[in-house]
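A short worksheet on the structure shown next.
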Amino acid sequence: MLPSTMSNIEQCGIILQHDIDEQYQYQPGEIVRGHVNLNLSKTTLIRTVNMKVYGSGNVSWTDHRNGIIQASEIYVDSTKDIVDTTGLEPLNLSPGHHEFPFDYVLPKNIPSSYIGKYGNVTYTMKVTVTGVKSKDTAISSEPFLVLRRVPLPEGFEEPVVLFSDKRMWASCTFGKLIMNVKLDRSGGVPGEDIFLQAEIKNCTRRTVTAMQGALIMRTVFRAQKNRAEFNQVVSKKRDEFDVTYNEGRRWNFVRLTLPPYIPESTLEHCDIIELDYIFQFRVELSGGSEVKLETPFTIGAQPQGLEVPEDQRLGVKINRQWTVRARGMMGIDEPAVDYDDEPDWEVEAVPEMRPESSVTHNPLFSNNSFMQNGVKVMADEYVENTRL
């Protein structure tokens with residue numbers, strides 16, 4: 001009977017500790033914690049367990065004159081031997097489940113994750129387990145998100161008012177399309193809501209066929225002294241309804257949700273992708289014409305409350321909303337680590353801490369609410385027709 005060539009490693013994976021939203025989402029300078037998960041069918045001799053953290057940006061598109069245009073950047077390329085028995089006896093592991101914990105401090109000067117039409121910024125952890133026997137080798141990888149939280153500019157909570165009274169020609173006469181739009185703020189945090197009020201008055205002989213409020217991401221990709229642009233609607237509220245001569249349409253506190261995982265304005269520390277955001281209110285008319293009102297919009301973080309606190313002793317950022325398991329709970333008894341030797345890897349575990357002051361309250365509701373019998377009440381969202 002021939003010997004089996006099947007590996008003793010039944011399963012190999014990376015388990016990252018979840019953040020408060022149960023997503024693999026981190027900020028630059030934050031600690032990424034987790035463990036390598038290994039299931040063995042038989043007793044196995046292991047030489048090394050190697051972990052690699054890699055982050056890169058890539059852009060590519062095809063130009064009819066110049067062919068394929070592309071560029072890339074590397075933001076993180078760090079390798080660590082979690083287990084290294086070179087020159088020693090190999091690690092003898094019994095059948096069953098084994099865990100190898102790790103910690104990694106993300107650099108502070110890395111851009112947010114991004115996926116677009118012509119490029120992306122991505123981050124991945126990769127583990128390679130190497131056994132004494134060549135068959136007992138396994139590789140596994142796990143992507144994770146990096147989202148930089150740049151503070152919003154001062155005055156971002158002030159409302160933005162947009163107005164237009166465009167003259168239009170139809171049916172041998174001029175008429176005006178009057179647009180009044182009010183956005184409750186000029187900046188916001190991913191995952192929250194912004195509110196808008198809008199009213200149009202159609203004094204033209206054309207028919208308004210639709211109204212749309214949208215947040216648009218504008219991206220510029222750069223490579224080999226060339227550039228490509230792409231606009232992407234990341235959130236919208238659309239109202240398709242015919243508004244004829246001397247009729248109007250009104251939006252009251254209509255909610256527009258900011259997607260939870262979009263990068264901040266500017267995409268800092270990335271030289272090949274630039275982006276910003278605009279809020280756009282668009283009215284579409286019969287005959288294929290349209291009228292737009294636009295204003296810049298900033299995506300970032302609240303000036304206070306959402307930043308990751310810095311551990312004064314370690315000098316690194318720690319997400320205290322995590323549930324962190326200490327080494328002893330994993331059945332591993334290790335001495336304190338010398339941080340001077342390994343500045344990026346192996347930091348001490350932090351107990352679970354989530355004080356009341358760390359709870360994030362949504363400030364957006366304060367602008368669109370009022371007190372009634374001692375209870376905070378949200379303004380009603382509705383859309384209605386009007387007569388001029």
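Lettering and numbering for the structure tokens are positional, with chains as A, B, ... in the shown order, residues counted from 1 in each chain, and ligands counted from 1 in the shown order.
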Contacts of region 80-121 of chain A with region 210-224 of chain A up to 12 Å, shortest pair per row, only C-alpha atoms, as JSON lines:
{"residue": "A:Tyr114", "atom": "CA", "partner": "A:Thr219", "partner_atom": "CA", "distance": 10.7}
{"residue": "A:Ile115", "atom": "CA", "partner": "A:Thr219", "partner_atom": "CA", "distance": 10.7}
{"residue": "A:Gly116", "atom": "CA", "partner": "A:Thr219", "partner_atom": "CA", "distance": 8.2}
{"residue": "A:Lys117", "atom": "CA", "partner": "A:Thr219", "partner_atom": "CA", "distance": 9.2}
{"residue": "A:Tyr118", "atom": "CA", "partner": "A:Phe221", "partner_atom": "CA", "distance": 7.0}
{"residue": "A:Gly119", "atom": "CA", "partner": "A:Phe221", "partner_atom": "CA", "distance": 7.2}
{"residue": "A:Asn120", "atom": "CA", "partner": "A:Phe221", "partner_atom": "CA", "distance": 9.8}
{"residue": "A:Val121", "atom": "CA", "partner": "A:Phe221", "partner_atom": "CA", "distance": 11.9}
Given the selection you just returned, output its residues as a file containing C-alpha atoms, formatted as a short mmCIF file (atom, residue, chain, number, x, y, z; two decimals), in the first residue's frame.
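In the end it all went to selection.cif:
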data_model
loop_
_atom_site.label_atom_id
_atom_site.label_comp_id
_atom_site.auth_asym_id
_atom_site.auth_seq_id
_atom_site.Cartn_x
_atom_site.Cartn_y
_atom_site.Cartn_z
CA TYR A 114 -10.72 52.05 -2.00
CA ILE A 115 -12.22 50.19 -4.98
CA GLY A 116 -13.02 52.13 -8.15
CA LYS A 117 -13.46 51.73 -11.88
CA TYR A 118 -9.78 52.11 -12.78
CA GLY A 119 -7.98 51.41 -9.53
CA ASN A 120 -7.99 50.26 -5.94
CA VAL A 121 -6.23 50.36 -2.58
#
> Counting only C-alpha atoms, what is within 12 Å of Ile278 (chain A), bar same-chain residues fewer than 5 positions away, as a PyMOL selection string?
Replying inline: chain A and resi 183+186-188+213-219+231-236+265+292-299
Close residues, region 143-147 of chain A itself excluded, 6 Å, only C-alpha atoms, min 2 positions apart in chain, as a PDB file with all heavy atoms, in the first residue's frame:
ATOM      1  N   TYR A  24     -13.933  43.787   9.570  1.00  0.00           N
ATOM      2  CA  TYR A  24     -12.485  43.900   9.655  1.00  0.00           C
ATOM      3  C   TYR A  24     -12.098  45.302   9.181  1.00  0.00           C
ATOM      4  O   TYR A  24     -11.631  45.498   8.068  1.00  0.00           O
ATOM      5  CB  TYR A  24     -11.817  42.827   8.797  1.00  0.00           C
ATOM      6  CG  TYR A  24     -12.093  41.408   9.247  1.00  0.00           C
ATOM      7  CD1 TYR A  24     -12.114  40.358   8.350  1.00  0.00           C
ATOM      8  CD2 TYR A  24     -12.330  41.121  10.597  1.00  0.00           C
ATOM      9  CE1 TYR A  24     -12.349  39.057   8.764  1.00  0.00           C
ATOM     10  CE2 TYR A  24     -12.574  39.831  11.023  1.00  0.00           C
ATOM     11  CZ  TYR A  24     -12.585  38.801  10.106  1.00  0.00           C
ATOM     12  OH  TYR A  24     -12.820  37.527  10.524  1.00  0.00           O
ATOM     13  N   GLN A  25     -12.295  46.266  10.039  1.00  0.00           N
ATOM     14  CA  GLN A  25     -12.122  47.678   9.690  1.00  0.00           C
ATOM     15  C   GLN A  25     -11.218  48.338  10.717  1.00  0.00           C
ATOM     16  O   GLN A  25     -11.480  48.284  11.918  1.00  0.00           O
ATOM     17  CB  GLN A  25     -13.481  48.374   9.650  1.00  0.00           C
ATOM     18  CG  GLN A  25     -13.407  49.867   9.468  1.00  0.00           C
ATOM     19  CD  GLN A  25     -14.768  50.508   9.641  1.00  0.00           C
ATOM     20  OE1 GLN A  25     -15.791  49.839   9.559  1.00  0.00           O
ATOM     21  NE2 GLN A  25     -14.792  51.793   9.899  1.00  0.00           N
ATOM     22  N   TYR A  26     -10.148  49.003  10.240  1.00  0.00           N
ATOM     23  CA  TYR A  26      -9.164  49.581  11.147  1.00  0.00           C
ATOM     24  C   TYR A  26      -8.760  50.968  10.657  1.00  0.00           C
ATOM     25  O   TYR A  26      -8.904  51.301   9.488  1.00  0.00           O
ATOM     26  CB  TYR A  26      -7.925  48.683  11.229  1.00  0.00           C
ATOM     27  CG  TYR A  26      -8.253  47.242  11.578  1.00  0.00           C
ATOM     28  CD1 TYR A  26      -8.413  46.291  10.571  1.00  0.00           C
ATOM     29  CD2 TYR A  26      -8.432  46.844  12.898  1.00  0.00           C
ATOM     30  CE1 TYR A  26      -8.730  44.977  10.876  1.00  0.00           C
ATOM     31  CE2 TYR A  26      -8.751  45.537  13.216  1.00  0.00           C
ATOM     32  CZ  TYR A  26      -8.902  44.604  12.196  1.00  0.00           C
ATOM     33  OH  TYR A  26      -9.222  43.312  12.501  1.00  0.00           O
ATOM     34  N   GLN A  27      -8.221  51.749  11.580  1.00  0.00           N
ATOM     35  CA  GLN A  27      -7.694  53.060  11.245  1.00  0.00           C
ATOM     36  C   GLN A  27      -6.174  52.989  11.210  1.00  0.00           C
ATOM     37  O   GLN A  27      -5.566  52.162  11.908  1.00  0.00           O
ATOM     38  CB  GLN A  27      -8.152  54.092  12.271  1.00  0.00           C
ATOM     39  CG  GLN A  27      -9.655  54.313  12.287  1.00  0.00           C
ATOM     40  CD  GLN A  27     -10.051  55.439  13.221  1.00  0.00           C
ATOM     41  OE1 GLN A  27      -9.374  56.453  13.278  1.00  0.00           O
ATOM     42  NE2 GLN A  27     -11.137  55.259  13.944  1.00  0.00           N
ATOM     43  N   SER A 112      -6.714  55.095   2.937  1.00  0.00           N
ATOM     44  CA  SER A 112      -7.894  54.274   3.155  1.00  0.00           C
ATOM     45  C   SER A 112      -8.061  53.256   2.032  1.00  0.00           C
ATOM     46  O   SER A 112      -7.573  53.441   0.918  1.00  0.00           O
ATOM     47  CB  SER A 112      -9.145  55.151   3.214  1.00  0.00           C
ATOM     48  OG  SER A 112      -9.114  56.018   4.315  1.00  0.00           O
ATOM     49  N   SER A 113      -8.766  52.168   2.338  1.00  0.00           N
ATOM     50  CA  SER A 113      -9.127  51.198   1.312  1.00  0.00           C
ATOM     51  C   SER A 113     -10.049  51.865   0.297  1.00  0.00           C
ATOM     52  O   SER A 113     -10.855  52.734   0.634  1.00  0.00           O
ATOM     53  CB  SER A 113      -9.837  50.003   1.942  1.00  0.00           C
ATOM     54  OG  SER A 113      -9.010  49.341   2.872  1.00  0.00           O
ATOM     55  N   TYR A 123      -5.742  45.885   1.268  1.00  0.00           N
ATOM     56  CA  TYR A 123      -4.865  45.388   2.328  1.00  0.00           C
ATOM     57  C   TYR A 123      -5.200  43.921   2.595  1.00  0.00           C
ATOM     58  O   TYR A 123      -6.374  43.536   2.624  1.00  0.00           O
ATOM     59  CB  TYR A 123      -5.049  46.204   3.609  1.00  0.00           C
ATOM     60  CG  TYR A 123      -4.627  47.641   3.454  1.00  0.00           C
ATOM     61  CD1 TYR A 123      -5.534  48.611   3.024  1.00  0.00           C
ATOM     62  CD2 TYR A 123      -3.314  48.038   3.710  1.00  0.00           C
ATOM     63  CE1 TYR A 123      -5.147  49.929   2.859  1.00  0.00           C
ATOM     64  CE2 TYR A 123      -2.922  49.355   3.546  1.00  0.00           C
ATOM     65  CZ  TYR A 123      -3.839  50.299   3.119  1.00  0.00           C
ATOM     66  OH  TYR A 123      -3.452  51.599   2.962  1.00  0.00           O
ATOM     67  N   THR A 124      -4.151  43.127   2.808  1.00  0.00           N
ATOM     68  CA  THR A 124      -4.327  41.691   3.006  1.00  0.00           C
ATOM     69  C   THR A 124      -3.325  41.171   4.030  1.00  0.00           C
ATOM     70  O   THR A 124      -2.174  41.628   4.074  1.00  0.00           O
ATOM     71  CB  THR A 124      -4.114  40.921   1.683  1.00  0.00           C
ATOM     72  OG1 THR A 124      -4.952  41.468   0.671  1.00  0.00           O
ATOM     73  CG2 THR A 124      -4.445  39.442   1.846  1.00  0.00           C
TER      74      THR A 124
END
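Shortest atom-to-atom contact with Tyr261 (chain A) among A:Val189, A:Ile139, A:Ile9, A:Val32: A:Val189, counting only C-alpha atoms.
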> Which residues in region 191-272 of chain A does DSSP call strand (DSSP E or B)? List them as a PyMOL selection string.
Replying inline: chain A and resi 193-202+208-223+226-243+247-257
>> I need the residue nearest Ser94 (chain A) from this list: A:Asp81, A:Gly191, A:Leu45, A:Arg255. Use only C-alpha atoms for the distance.
In response: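 Of the candidates, the smallest distance to Ser94 (chain A) is held by A:Leu45.
Between CA of Thr48 (chain A) and CA of Pro28 (chain A) the interatomic distance comes to 28.4 Å.
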Would you list the contacts of Val132 (chain A) as an mmCIF file with all heavy atoms, in the first residue's frame, taking every protein, DNA or RNA residue within 8 Å and counting only C-alpha atoms, but skipping same-chain residues closer than 3 positions in sequence?
data_model
loop_
_atom_site.group_PDB
_atom_site.id
_atom_site.type_symbol
_atom_site.label_atom_id
_atom_site.label_comp_id
_atom_site.auth_asym_id
_atom_site.auth_seq_id
_atom_site.Cartn_x
_atom_site.Cartn_y
_atom_site.Cartn_z
ATOM 1 N N LEU A 45 4.974 17.890 12.489
ATOM 2 C CA LEU A 45 6.156 18.686 12.808
ATOM 3 C C LEU A 45 6.121 19.965 11.968
ATOM 4 O O LEU A 45 6.099 19.921 10.741
ATOM 5 C CB LEU A 45 7.425 17.887 12.525
ATOM 6 C CG LEU A 45 7.624 16.606 13.352
ATOM 7 C CD1 LEU A 45 8.895 15.885 12.917
ATOM 8 C CD2 LEU A 45 7.664 16.917 14.842
ATOM 9 N N ILE A 46 6.124 21.129 12.640
ATOM 10 C CA ILE A 46 6.023 22.435 11.976
ATOM 11 C C ILE A 46 7.341 23.175 12.104
ATOM 12 O O ILE A 46 7.900 23.310 13.203
ATOM 13 C CB ILE A 46 4.879 23.266 12.586
ATOM 14 C CG1 ILE A 46 3.532 22.558 12.409
ATOM 15 C CG2 ILE A 46 4.845 24.664 11.973
ATOM 16 C CD1 ILE A 46 3.111 22.366 10.968
ATOM 17 N N ARG A 47 7.842 23.675 10.974
ATOM 18 C CA ARG A 47 9.070 24.473 10.975
ATOM 19 C C ARG A 47 8.776 25.949 11.267
ATOM 20 O O ARG A 47 9.372 26.555 12.146
ATOM 21 C CB ARG A 47 9.776 24.343 9.619
ATOM 22 C CG ARG A 47 10.527 23.067 9.399
ATOM 23 C CD ARG A 47 11.748 22.973 10.282
ATOM 24 N NE ARG A 47 12.546 21.791 9.958
ATOM 25 C CZ ARG A 47 13.467 21.297 10.758
ATOM 26 N NH1 ARG A 47 13.696 21.876 11.928
ATOM 27 N NH2 ARG A 47 14.159 20.219 10.411
ATOM 28 N N PRO A 90 11.923 21.061 15.433
ATOM 29 C CA PRO A 90 10.632 21.561 14.939
ATOM 30 C C PRO A 90 9.557 21.452 16.008
ATOM 31 O O PRO A 90 9.669 20.676 16.961
ATOM 32 C CB PRO A 90 10.336 20.646 13.747
ATOM 33 C CG PRO A 90 11.151 19.412 13.984
ATOM 34 C CD PRO A 90 12.386 19.862 14.710
ATOM 35 N N ASP A 136 3.003 19.050 4.269
ATOM 36 C CA ASP A 136 2.374 19.745 5.394
ATOM 37 C C ASP A 136 2.652 21.252 5.317
ATOM 38 O O ASP A 136 3.235 21.855 6.224
ATOM 39 C CB ASP A 136 2.873 19.172 6.723
ATOM 40 C CG ASP A 136 2.452 17.738 6.932
ATOM 41 O OD1 ASP A 136 1.343 17.394 6.470
ATOM 42 O OD2 ASP A 136 3.211 16.963 7.537
#
> So how far away is CA of Cys12 (chain A) from CA of Asn39 (chain A), in Å?
Replying inline: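 Interatomic distance, CA of Asn39 (chain A) to CA of Cys12 (chain A): 6.6 Å.
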> Which of these, A:Ser286, A:Thr44, A:Thr130, A:Ser78, has the shortest distance to Met168 (chain A) once you count only C-alpha atoms?
Replying inline: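 Nearest candidate to Met168 (chain A) out of A:Ser286, A:Thr44, A:Thr130, A:Ser78: A:Ser286.
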